[in-house]
file start-v5.pdb (PDB, C-alpha atoms)
ATOM      1  CA  MET A   1       0.000   0.000   0.000
ATOM      2  CA  SER A   2       1.477   3.325  -1.083
ATOM      3  CA  PHE A   3       0.469   6.716   0.338
ATOM      4  CA  ALA A   4       2.721   8.879  -1.878
ATOM      5  CA  ASN A   5      -0.081  10.415  -3.964
ATOM      6  CA  ILE A   6      -2.249  11.791  -1.152
ATOM      7  CA  LYS A   7      -2.794  15.539  -1.584
ATOM      8  CA  ILE A   8      -2.624  18.009   1.293
ATOM      9  CA  ASP A   9      -6.319  18.907   0.974
ATOM     10  CA  ASP A  10      -7.561  15.332   0.571
ATOM     11  CA  PRO A  11      -9.079  13.235   3.347
ATOM     12  CA  LYS A  12      -6.175  11.719   5.273
ATOM     13  CA  ILE A  13      -5.427   8.201   6.453
ATOM     14  CA  VAL A  14      -5.238   7.951  10.245
ATOM     15  CA  SER A  15      -5.003   4.173  10.735
ATOM     16  CA  VAL A  16      -4.299   1.006   8.763
ATOM     17  CA  LEU A  17      -5.712  -1.929  10.729
ATOM     18  CA  LYS A  18      -4.453  -5.459  10.132
ATOM     19  CA  GLY A  19      -5.946  -8.656  11.495
ATOM     20  CA  HIS A  20      -7.943 -10.356   8.759
ATOM     21  CA  GLN A  21      -6.350 -13.085   6.656
ATOM     22  CA  GLN A  22      -8.573 -12.641   3.595
ATOM     23  CA  PRO A  23     -10.439  -9.735   1.922
ATOM     24  CA  VAL A  24     -12.620  -7.481   4.047
ATOM     25  CA  THR A  25     -16.289  -7.646   3.039
ATOM     26  CA  SER A  26     -18.258  -5.290   5.294
ATOM     27  CA  LEU A  27     -17.888  -2.527   7.898
ATOM     28  CA  SER A  28     -20.117  -1.079  10.602
ATOM     29  CA  PHE A  29     -19.499   1.673  13.162
ATOM     30  CA  ASN A  30     -21.006   1.321  16.616
ATOM     31  CA  PRO A  31     -23.423   4.264  17.122
ATOM     32  CA  ASN A  32     -21.700   4.956  20.463
ATOM     33  CA  GLY A  33     -18.507   5.671  18.552
ATOM     34  CA  ASP A  34     -16.271   3.571  20.771
ATOM     35  CA  GLN A  35     -15.660   0.747  18.304
ATOM     36  CA  PHE A  36     -16.348  -0.509  14.823
ATOM     37  CA  ALA A  37     -16.524  -3.944  13.255
ATOM     38  CA  SER A  38     -15.288  -5.545  10.062
ATOM     39  CA  SER A  39     -16.081  -8.883   8.435
ATOM     40  CA  SER A  40     -14.012 -10.983   6.079
ATOM     41  CA  GLU A  41     -13.858 -13.892   3.709
ATOM     42  CA  ASP A  42     -11.686 -15.540   6.396
ATOM     43  CA  ASN A  43     -14.995 -16.375   8.233
ATOM     44  CA  SER A  44     -14.226 -13.934  11.058
ATOM     45  CA  ILE A  45     -15.362 -10.615  12.511
ATOM     46  CA  MET A  46     -12.945  -8.103  14.019
ATOM     47  CA  ILE A  47     -13.884  -5.479  16.615
ATOM     48  CA  TRP A  48     -11.586  -2.434  16.579
ATOM     49  CA  THR A  49     -11.314   0.042  19.471
ATOM     50  CA  LYS A  50      -9.743   3.517  19.787
ATOM     51  CA  TRP A  51      -9.442   3.514  16.021
ATOM     52  CA  SER A  52      -9.367   7.294  15.360
ATOM     53  CA  ASN A  53      -5.902   7.967  16.827
ATOM     54  CA  PRO A  54      -3.023   5.781  15.611
ATOM     55  CA  SER A  55      -0.962   6.578  18.712
ATOM     56  CA  GLU A  56      -3.747   5.298  20.979
ATOM     57  CA  THR A  57      -5.054   2.326  19.018
ATOM     58  CA  GLY A  58      -6.761   0.050  21.494
ATOM     59  CA  PRO A  59      -7.066  -3.736  21.559
ATOM     60  CA  SER A  60      -8.880  -5.567  18.799
ATOM     61  CA  TYR A  61     -10.973  -8.710  19.180
ATOM     62  CA  LYS A  62     -11.650 -11.505  16.722
ATOM     63  CA  PHE A  63     -15.033 -13.266  16.758
ATOM     64  CA  SER A  64     -15.195 -16.750  15.234
ATOM     65  CA  GLY A  65     -18.205 -18.959  14.613
ATOM     66  CA  HIS A  66     -19.273 -18.691  11.006
ATOM     67  CA  LYS A  67     -18.184 -21.646   8.877
ATOM     68  CA  ALA A  68     -17.826 -19.691   5.633
ATOM     69  CA  ALA A  69     -17.155 -16.144   4.479
ATOM     70  CA  VAL A  70     -18.949 -13.434   6.449
ATOM     71  CA  THR A  71     -20.672 -11.273   3.852
ATOM     72  CA  CYS A  72     -22.274  -8.454   5.860
ATOM     73  CA  LEU A  73     -22.560  -7.120   9.405
ATOM     74  CA  GLU A  74     -24.283  -4.266  11.237
ATOM     75  CA  TYR A  75     -24.666  -2.829  14.738
ATOM     76  CA  SER A  76     -28.164  -2.279  16.086
ATOM     77  CA  SER A  77     -29.151   1.337  16.764
ATOM     78  CA  ASP A  78     -29.264   0.653  20.523
ATOM     79  CA  CYS A  79     -25.693  -0.762  20.372
ATOM     80  CA  ARG A  80     -26.704  -3.984  22.137
ATOM     81  CA  LEU A  81     -26.101  -6.340  19.227
ATOM     82  CA  LEU A  82     -23.987  -6.902  16.161
ATOM     83  CA  ALA A  83     -25.684  -8.947  13.440
ATOM     84  CA  SER A  84     -23.722 -10.861  10.805
ATOM     85  CA  CYS A  85     -24.592 -13.115   7.897
ATOM     86  CA  SER A  86     -22.566 -15.602   5.952
ATOM     87  CA  LYS A  87     -22.238 -17.915   2.997
ATOM     88  CA  ASP A  88     -22.870 -20.705   5.549
ATOM     89  CA  HIS A  89     -26.618 -19.792   5.251
ATOM     90  CA  THR A  90     -26.795 -18.446   8.826
ATOM     91  CA  VAL A  91     -27.254 -15.218  10.739
ATOM     92  CA  ARG A  92     -25.595 -14.570  14.092
ATOM     93  CA  PHE A  93     -26.362 -12.036  16.816
ATOM     94  CA  TRP A  94     -23.219 -11.120  18.733
ATOM     95  CA  ILE A  95     -22.835  -9.240  21.995
ATOM     96  CA  PRO A  96     -20.057  -6.860  20.905
ATOM     97  CA  LYS A  97     -17.793  -7.368  23.915
ATOM     98  CA  ILE A  98     -14.541  -9.226  24.493
ATOM     99  CA  LEU A  99     -15.944 -12.771  24.667
ATOM    100  CA  GLY A 100     -17.831 -12.542  21.390
ATOM    101  CA  SER A 101     -20.702 -14.811  22.415
ATOM    102  CA  SER A 102     -23.451 -15.201  19.818
ATOM    103  CA  LYS A 103     -26.762 -16.796  18.905
ATOM    104  CA  GLU A 104     -27.053 -18.489  15.510
ATOM    105  CA  PHE A 105     -30.023 -19.351  13.336
ATOM    106  CA  LYS A 106     -30.325 -20.702   9.819
ATOM    107  CA  ALA A 107     -31.935 -17.943   7.801
ATOM    108  CA  HIS A 108     -31.909 -19.216   4.205
ATOM    109  CA  THR A 109     -31.244 -22.238   2.032
ATOM    110  CA  SER A 110     -28.274 -20.561   0.364
ATOM    111  CA  ALA A 111     -25.621 -17.918   1.043
ATOM    112  CA  VAL A 112     -26.908 -14.866   2.941
ATOM    113  CA  ASN A 113     -25.547 -11.654   1.416
ATOM    114  CA  THR A 114     -27.132  -8.892   3.473
ATOM    115  CA  VAL A 115     -28.456  -8.150   6.958
ATOM    116  CA  ASN A 116     -30.006  -4.898   8.169
ATOM    117  CA  PHE A 117     -31.664  -3.829  11.431
ATOM    118  CA  SER A 118     -34.926  -1.903  11.497
ATOM    119  CA  PRO A 119     -34.527   1.613  12.956
ATOM    120  CA  ASP A 120     -36.027   0.488  16.292
ATOM    121  CA  ALA A 121     -33.663  -2.539  16.395
ATOM    122  CA  LEU A 122     -36.588  -4.938  16.894
ATOM    123  CA  LYS A 123     -36.420  -6.626  13.491
ATOM    124  CA  ILE A 124     -33.911  -7.488  10.778
ATOM    125  CA  ILE A 125     -34.142  -8.226   7.091
ATOM    126  CA  THR A 126     -31.899 -10.672   5.258
ATOM    127  CA  GLY A 127     -31.339 -11.333   1.559
ATOM    128  CA  SER A 128     -29.901 -14.429  -0.046
ATOM    129  CA  ASN A 129     -28.787 -16.317  -3.127
ATOM    130  CA  ASP A 130     -32.055 -18.240  -2.714
ATOM    131  CA  LYS A 131     -33.659 -15.090  -4.259
ATOM    132  CA  SER A 132     -35.660 -14.237  -1.132
ATOM    133  CA  ILE A 133     -35.776 -11.388   1.376
ATOM    134  CA  LYS A 134     -36.921 -12.364   4.860
ATOM    135  CA  LEU A 135     -38.063 -10.425   7.910
ATOM    136  CA  TRP A 136     -37.130 -11.696  11.400
ATOM    137  CA  ASP A 137     -37.863 -10.819  15.015
ATOM    138  CA  VAL A 138     -34.588  -9.998  16.769
ATOM    139  CA  GLU A 139     -35.527 -11.092  20.282
ATOM    140  CA  SER A 140     -36.890 -14.531  19.339
ATOM    141  CA  GLN A 141     -35.098 -15.044  16.004
ATOM    142  CA  LYS A 142     -38.507 -16.047  14.669
ATOM    143  CA  PHE A 143     -39.414 -15.702  10.984
ATOM    144  CA  ILE A 144     -42.088 -13.054  10.326
ATOM    145  CA  GLY A 145     -42.513 -12.962   6.552
ATOM    146  CA  SER A 146     -40.978 -12.795   3.083
ATOM    147  CA  PHE A 147     -40.747 -10.203   0.330
ATOM    148  CA  VAL A 148     -41.139 -12.158  -2.896
ATOM    149  CA  GLY A 149     -40.402 -10.907  -6.402
ATOM    150  CA  HIS A 150     -36.699 -11.069  -7.202
ATOM    151  CA  THR A 151     -35.773 -13.764  -9.719
ATOM    152  CA  ASN A 152     -32.038 -13.947  -8.995
ATOM    153  CA  TRP A 153     -29.598 -13.534  -6.097
ATOM    154  CA  VAL A 154     -30.448 -10.723  -3.674
ATOM    155  CA  ARG A 155     -27.320  -8.666  -3.090
ATOM    156  CA  CYS A 156     -28.505  -6.001  -0.640
ATOM    157  CA  ALA A 157     -31.625  -4.954   1.297
ATOM    158  CA  LYS A 158     -32.085  -1.917   3.550
ATOM    159  CA  PHE A 159     -34.784  -0.386   5.729
ATOM    160  CA  SER A 160     -35.648   3.263   5.213
ATOM    161  CA  ARG A 161     -34.957   5.626   8.107
ATOM    162  CA  LEU A 162     -38.631   5.586   9.154
ATOM    163  CA  GLY A 163     -38.815   1.814   8.785
ATOM    164  CA  ASN A 164     -41.871   1.958   6.529
ATOM    165  CA  LEU A 165     -40.021   0.972   3.353
ATOM    166  CA  ILE A 166     -37.425  -1.563   2.273
ATOM    167  CA  ALA A 167     -35.192  -1.193  -0.768
ATOM    168  CA  SER A 168     -33.468  -4.217  -2.290
ATOM    169  CA  CYS A 169     -31.328  -5.046  -5.299
ATOM    170  CA  SER A 170     -30.635  -8.248  -7.149
ATOM    171  CA  ASP A 171     -28.759  -9.929  -9.968
ATOM    172  CA  ASP A 172     -32.086  -9.852 -11.828
ATOM    173  CA  HIS A 173     -31.063  -6.223 -12.664
ATOM    174  CA  THR A 174     -33.805  -4.657 -10.541
ATOM    175  CA  ILE A 175     -33.983  -2.358  -7.545
ATOM    176  CA  ARG A 176     -37.261  -2.944  -5.734
ATOM    177  CA  ILE A 177     -39.124  -0.877  -3.142
ATOM    178  CA  TRP A 178     -41.396  -2.682  -0.671
ATOM    179  CA  ASP A 179     -44.001  -1.710   1.897
ATOM    180  CA  THR A 180     -42.686  -3.036   5.204
ATOM    181  CA  VAL A 181     -46.058  -3.774   6.795
ATOM    182  CA  SER A 182     -47.902  -5.429   3.915
ATOM    183  CA  GLY A 183     -44.850  -6.925   2.218
ATOM    184  CA  ASN A 184     -46.186  -5.712  -1.117
ATOM    185  CA  PRO A 185     -43.926  -4.273  -3.849
ATOM    186  CA  ILE A 186     -44.377  -0.549  -4.491
ATOM    187  CA  HIS A 187     -42.078   0.036  -7.452
ATOM    188  CA  ALA A 188     -39.164  -1.473  -9.362
ATOM    189  CA  PHE A 189     -36.331   0.288 -11.173
ATOM    190  CA  THR A 190     -34.504  -1.653 -13.890
ATOM    191  CA  ALA A 191     -30.773  -1.440 -14.533
ATOM    192  CA  ASN A 192     -30.652  -2.465 -18.201
ATOM    193  CA  LYS A 193     -26.861  -2.474 -18.222
ATOM    194  CA  GLY A 194     -25.202  -4.152 -15.280
ATOM    195  CA  SER A 195     -26.386  -5.574 -11.983
ATOM    196  CA  PRO A 196     -26.749  -3.610  -8.736
ATOM    197  CA  ASN A 197     -24.339  -4.623  -5.963
ATOM    198  CA  TYR A 198     -25.350  -2.347  -3.106
ATOM    199  CA  ILE A 199     -27.973   0.150  -1.908
ATOM    200  CA  ALA A 200     -27.789   3.044   0.561
ATOM    201  CA  MET A 201     -30.931   4.799   1.828
ATOM    202  CA  HIS A 202     -30.751   8.562   2.417
ATOM    203  CA  SER A 203     -32.045   9.894   5.737
ATOM    204  CA  ASN A 204     -34.756  11.879   3.875
ATOM    205  CA  ASN A 205     -36.603   8.549   3.435
ATOM    206  CA  HIS A 206     -37.194   8.988  -0.307
ATOM    207  CA  THR A 207     -33.753   8.874  -1.969
ATOM    208  CA  ILE A 208     -31.537   5.855  -2.594
ATOM    209  CA  ALA A 209     -28.079   5.423  -4.073
ATOM    210  CA  VAL A 210     -27.234   2.271  -6.013
ATOM    211  CA  ALA A 211     -23.809   0.853  -6.927
ATOM    212  CA  LEU A 212     -23.676  -1.208 -10.147
ATOM    213  CA  ASN A 213     -21.115  -3.776 -11.250
ATOM    214  CA  THR A 214     -20.509  -1.684 -14.395
ATOM    215  CA  GLY A 215     -18.979   1.006 -12.154
ATOM    216  CA  VAL A 216     -21.984   3.291 -12.420
ATOM    217  CA  VAL A 217     -23.582   4.913  -9.353
ATOM    218  CA  ARG A 218     -27.201   6.068  -9.625
ATOM    219  CA  ILE A 219     -29.374   8.213  -7.374
ATOM    220  CA  TYR A 220     -33.129   7.525  -7.431
ATOM    221  CA  ASP A 221     -36.143   9.370  -6.044
ATOM    222  CA  ILE A 222     -38.231   6.450  -4.791
ATOM    223  CA  LYS A 223     -41.222   8.670  -3.972
ATOM    224  CA  ASN A 224     -41.649  10.001  -7.500
ATOM    225  CA  HIS A 225     -40.019   6.989  -9.220
ATOM    226  CA  LYS A 226     -37.324   9.043 -10.952
ATOM    227  CA  LEU A 227     -33.663   8.668 -11.784
ATOM    228  CA  LEU A 228     -32.054  11.821 -10.376
ATOM    229  CA  GLN A 229     -28.321  11.464 -11.018
ATOM    230  CA  HIS A 230     -25.944   9.126 -12.848
ATOM    231  CA  TYR A 231     -22.176   8.874 -12.311
ATOM    232  CA  SER A 232     -19.534   6.681 -13.973
ATOM    233  CA  LEU A 233     -17.019   6.329 -11.150
ATOM    234  CA  HIS A 234     -15.500   2.823 -11.066
ATOM    235  CA  ASN A 235     -14.980  -0.266 -13.167
ATOM    236  CA  ASN A 236     -17.087  -2.184 -10.608
ATOM    237  CA  ALA A 237     -18.831  -0.181  -7.879
ATOM    238  CA  THR A 238     -18.982  -2.343  -4.762
ATOM    239  CA  SER A 239     -20.394  -0.222  -1.954
ATOM    240  CA  LEU A 240     -21.563   3.255  -0.979
ATOM    241  CA  ASP A 241     -22.673   5.250   2.041
ATOM    242  CA  TRP A 242     -24.388   8.597   2.633
ATOM    243  CA  HIS A 243     -22.737  11.133   4.883
ATOM    244  CA  PRO A 244     -25.006  11.324   7.964
ATOM    245  CA  LYS A 245     -25.196  15.135   8.050
ATOM    246  CA  ALA A 246     -24.717  16.348   4.483
ATOM    247  CA  ASN A 247     -25.336  15.427   0.866
ATOM    248  CA  TYR A 248     -22.029  13.678   0.293
ATOM    249  CA  LEU A 249     -21.895  10.133  -1.029
ATOM    250  CA  LEU A 250     -18.918   7.839  -0.432
ATOM    251  CA  THR A 251     -18.391   5.115  -3.060
ATOM    252  CA  SER A 252     -15.906   2.262  -3.489
ATOM    253  CA  GLY A 253     -14.839   0.006  -6.341
ATOM    254  CA  LEU A 254     -12.721  -2.964  -7.277
ATOM    255  CA  ASP A 255     -10.588  -0.503  -9.272
ATOM    256  CA  SER A 256      -8.998   0.376  -5.885
ATOM    257  CA  LYS A 257     -10.697   3.783  -5.756
ATOM    258  CA  LEU A 258     -12.786   5.607  -3.198
ATOM    259  CA  THR A 259     -14.829   8.574  -4.422
ATOM    260  CA  ILE A 260     -16.645  11.284  -2.478
ATOM    261  CA  VAL A 261     -19.431  12.884  -4.505
ATOM    262  CA  ASP A 262     -21.118  16.195  -3.725
ATOM    263  CA  ILE A 263     -24.727  15.431  -4.619
ATOM    264  CA  MET A 264     -25.837  19.072  -4.438
ATOM    265  CA  GLU A 265     -23.186  20.166  -6.945
ATOM    266  CA  GLY A 266     -23.487  16.941  -8.925
ATOM    267  CA  ARG A 267     -19.762  16.197  -9.120
ATOM    268  CA  PRO A 268     -17.048  14.091  -7.496
ATOM    269  CA  LEU A 269     -15.024  16.037  -4.916
ATOM    270  CA  TYR A 270     -12.280  13.507  -4.225
ATOM    271  CA  THR A 271     -10.926  10.338  -5.747
ATOM    272  CA  LEU A 272      -8.635   8.365  -3.445
ATOM    273  CA  SER A 273      -6.544   5.441  -4.719
ATOM    274  CA  GLU A 274      -4.664   3.935  -1.815
ATOM    275  CA  GLN A 275      -6.068   0.427  -1.267
ATOM    276  CA  ALA A 276      -6.350  -2.652  -3.452
ATOM    277  CA  GLY A 277      -9.730  -3.931  -4.617
ATOM    278  CA  ILE A 278     -11.998  -1.985  -2.249
ATOM    279  CA  LYS A 279     -15.105  -3.984  -1.357
ATOM    280  CA  THR A 280     -16.726  -1.857   1.352
ATOM    281  CA  CYS A 281     -16.839   1.695   2.731
ATOM    282  CA  LYS A 282     -18.662   3.379   5.611
ATOM    283  CA  PHE A 283     -18.929   6.746   7.402
ATOM    284  CA  ASN A 284     -18.978   6.883  11.181
ATOM    285  CA  LEU A 285     -21.982   8.400  12.977
ATOM    286  CA  ASP A 286     -20.866  12.040  12.897
ATOM    287  CA  GLY A 287     -19.289  11.809   9.442
ATOM    288  CA  ASN A 288     -15.862  13.015  10.567
ATOM    289  CA  PHE A 289     -14.280   9.669   9.666
ATOM    290  CA  PHE A 290     -14.851   6.890   7.174
ATOM    291  CA  ALA A 291     -13.354   3.449   6.694
ATOM    292  CA  SER A 292     -12.665   1.187   3.745
ATOM    293  CA  GLY A 293     -11.849  -2.492   3.430
ATOM    294  CA  GLY A 294     -10.360  -4.357   0.526
ATOM    295  CA  SER A 295      -8.647  -7.333  -0.998
ATOM    296  CA  ASP A 296      -5.394  -6.417   0.777
ATOM    297  CA  ASN A 297      -7.066  -7.769   3.973
ATOM    298  CA  CYS A 298      -6.724  -4.348   5.652
ATOM    299  CA  VAL A 299      -9.153  -1.811   7.078
ATOM    300  CA  VAL A 300      -8.138   1.795   6.395
ATOM    301  CA  VAL A 301      -9.560   4.610   8.536
ATOM    302  CA  TRP A 302      -9.717   8.079   6.968
ATOM    303  CA  LYS A 303     -10.292  11.566   8.436
ATOM    304  CA  THR A 304     -12.615  13.742   6.351
ATOM    305  CA  ASN A 305     -11.823  17.379   5.634
ATOM    306  CA  PHE A 306     -15.129  18.787   4.397
ATOM    307  CA  ILE A 307     -16.958  19.177   7.721
ATOM    308  CA  GLY A 308     -16.125  22.160   9.949
TER     309      GLY A 308
END

call {"tool": "encode", "arguments": {"input": "start-v5.pdb", "output": "structure tokens"}}
result
Amino acid sequence: MSFANIKIDDPKIVSVLKGHQQPVTSLSFNPNGDQFASSSEDNSIMIWTKWSNPSETGPSYKFSGHKAAVTCLEYSSDCRLLASCSKDHTVRFWIPKILGSSKEFKAHTSAVNTVNFSPDALKIITGSNDKSIKLWDVESQKFIGSFVGHTNWVRCAKFSRLGNLIASCSDDHTIRIWDTVSGNPIHAFTANKGSPNYIAMHSNNHTIAVALNTGVVRIYDIKNHKLLQHYSLHNNATSLDWHPKANYLLTSGLDSKLTIVDIMEGRPLYTLSEQAGIKTCKFNLDGNFFASGGSDNCVVVWKTNFIG
């Protein structure tokens, strides 16, 4: 990893965290801000503490239990749990402390690619290569219902901020919007060229960003069913995340690039190229930091420079 091309006014690297033995697949910051988690194709989860200051980097913890690659993970909004899903067809709920104890349940008949908590942390949704999206009760791990309509692998599914909608994307080239209560589909967008890899819901509850395997990033208005913006940013866009306090969008790609886009101005602000094959990216809760994970098995923590 080379840092020679970082400009003075670019976001700056504050930590390079090593512990995984295979590519990093997903990241999640604890809402409390005291730790964040990463998952990997090495079947493990790492918990990182005191990550924002390289001179005070705290201990890290490795959680083991999944029997295949961990594909996605997320903290609950109340910080009590960390949910993970895996190619071993299971979901686990971890207590994010030193011991790493967890509860496991089989969620699907094939690899599980995505897990997401509802805003109240009482439910989760999961999406799988078995083409289904399922809704679960967190406390009991009981199945509640399915969202049926995708005809190929489900790559990502997310609750809206109000919890009344779910957005999902699939290798069937569609992005679908669902009513959470009824389970009925509301609308579907079609990506005629390329398949969507990842979705991020804006806090306004009616805008989504979608990363496509062609490298394109699209912004949709899901209330009025419109395509708002279209960017060609990567050769394969893998992940994206909205800044929690402003209209900035962070994107990553297998071309080893991170991009920060100013949605109001409609242009990329920064392109950062310091990590191999980036698979995941995420802002922390206040947006002053973001992290990326890639095929170099590392997690890189960055300090932003566009928030006063």

call {"tool": "closest_residue", "arguments": {"input": "start-v5.pdb", "among": "A:Cys281, A:Ile219, A:Val300, A:Leu228", "to": "Ser26 (chain A)", "atoms": "all atoms listed in the file"}}
result
A:Cys281

call {"tool": "residues_around", "arguments": {"input": "start-v5.pdb", "residues": "Leu250 (chain A)", "least_positions_apart": "6", "cutoff": "9 Å", "atoms": "all atoms listed in the file", "output": "PyMOL selection string"}}
result
chain A and resi 239-243+258-261+281-283+290

call {"tool": "resolve_selection", "arguments": {"input": "start-v5.pdb", "expression": "the PyMOL selection byres ((chain A and resi 110) around 9)", "output": "PyMOL selection string"}}
result
chain A and resi 87-90+107-109+111-112+128-131

call {"tool": "atom_distance", "arguments": {"input": "start-v5.pdb", "atom1": "CA of Lys279 (chain A)", "atom2": "CA of Lys257 (chain A)"}}
result
10.0 Å

call {"tool": "closest_residue", "arguments": {"input": "start-v5.pdb", "among": "A:Ser160, A:Ser146, A:Ser39, A:Thr238", "to": "Asn205 (chain A)", "atoms": "only C-alpha atoms"}}
result
A:Ser160

call {"tool": "residues_around", "arguments": {"input": "start-v5.pdb", "residues": "Thr114 (chain A)", "least_positions_apart": "4", "cutoff": "6 Å", "atoms": "all atoms listed in the file", "output": "VMD selection string"}}
result
chain A and resid 72 126 to 127 156

call {"tool": "axis_aligned_box", "arguments": {"input": "start-v5.pdb", "around": "region 203-216 of chain A", "padding_each_side": "4 Å", "output": "AutoDock Vina command-line options"}}
result
--center_x -28.1 --center_y 4.1 --center_z -4.3 --size_x 26.2 --size_y 23.7 --size_z 28.1

call {"tool": "resolve_selection", "arguments": {"input": "start-v5.pdb", "expression": "the PyMOL selection byres ((chain A and resi 199) around 7)", "output": "MDAnalysis selection string"}}
result
chainID A and resid 156 198 200:201 208:211

call {"tool": "resolve_selection", "arguments": {"input": "start-v5.pdb", "expression": "the PyMOL selection byres ((chain A and resi 164) around 12)", "output": "VMD selection string"}}
result
chain A and resid 118 to 120 158 to 163 165 to 167 177 to 184 186 205 to 206

call {"tool": "atom_distance", "arguments": {"input": "start-v5.pdb", "atom1": "CA of Gly149 (chain A)", "atom2": "CA of Lys134 (chain A)"}}
result
11.9 Å

call {"tool": "atom_distance", "arguments": {"input": "start-v5.pdb", "atom1": "CA of Val91 (chain A)", "atom2": "CA of Ser132 (chain A)"}}
result
14.6 Å

call {"tool": "closest_residue", "arguments": {"input": "start-v5.pdb", "among": "A:Cys79, A:Ala191, A:Ile95, A:Ile45", "to": "Lys67 (chain A)", "atoms": "only C-alpha atoms"}}
result
A:Ile45

call {"tool": "residues_around", "arguments": {"input": "start-v5.pdb", "residues": "region 30-34 of chain A", "least_positions_apart": "5", "cutoff": "7 Å", "atoms": "all atoms listed in the file", "output": "VMD selection string"}}
result
chain A and resid 49 to 50 75 77 79 285

call {"tool": "write_last_selection", "arguments": {"input": "start-v5.pdb", "atoms": "C-alpha atoms", "output": "PDB file, keeping the file's coordinate frame"}}
result
ATOM      1  CA  THR A  49     -11.314   0.042  19.471  1.00  0.00           C
ATOM      2  CA  LYS A  50      -9.743   3.517  19.787  1.00  0.00           C
ATOM      3  CA  TYR A  75     -24.666  -2.829  14.738  1.00  0.00           C
ATOM      4  CA  SER A  77     -29.151   1.337  16.764  1.00  0.00           C
ATOM      5  CA  CYS A  79     -25.693  -0.762  20.372  1.00  0.00           C
ATOM      6  CA  LEU A 285     -21.982   8.400  12.977  1.00  0.00           C
TER       7      LEU A 285
END

call {"tool": "residues_around", "arguments": {"input": "start-v5.pdb", "residues": "Ser28 (chain A)", "least_positions_apart": "5", "cutoff": "8 Å", "atoms": "all atoms listed in the file", "output": "VMD selection string"}}
result
chain A and resid 36 to 38 73 to 75 282

call {"tool": "residues_around", "arguments": {"input": "start-v5.pdb", "residues": "Pro268 (chain A)", "least_positions_apart": "5", "cutoff": "12 Å", "atoms": "only C-alpha atoms", "output": "ChimeraX atom specification"}}
result
/A:217,230-234,247-251,258-263

call {"tool": "closest_residue", "arguments": {"input": "start-v5.pdb", "among": "A:Val301, A:Val70, A:Met264, A:Ile278", "to": "Ala246 (chain A)", "atoms": "all atoms listed in the file"}}
result
A:Met264

call {"tool": "closest_residue", "arguments": {"input": "start-v5.pdb", "among": "A:Asn204, A:Gln141, A:Gln35, A:Thr71", "to": "Asn284 (chain A)", "atoms": "all atoms listed in the file"}}
result
A:Gln35

call {"tool": "residues_near_point", "arguments": {"input": "start-v5.pdb", "point": "(-28.3, -18.8, 16.6)", "cutoff": "8 Å", "atoms": "only C-alpha atoms", "output": "list of chain:residue names"}}
result
A:Thr90, A:Val91, A:Arg92, A:Phe93, A:Ser102, A:Lys103, A:Glu104, A:Phe105, A:Lys106, A:Gln141
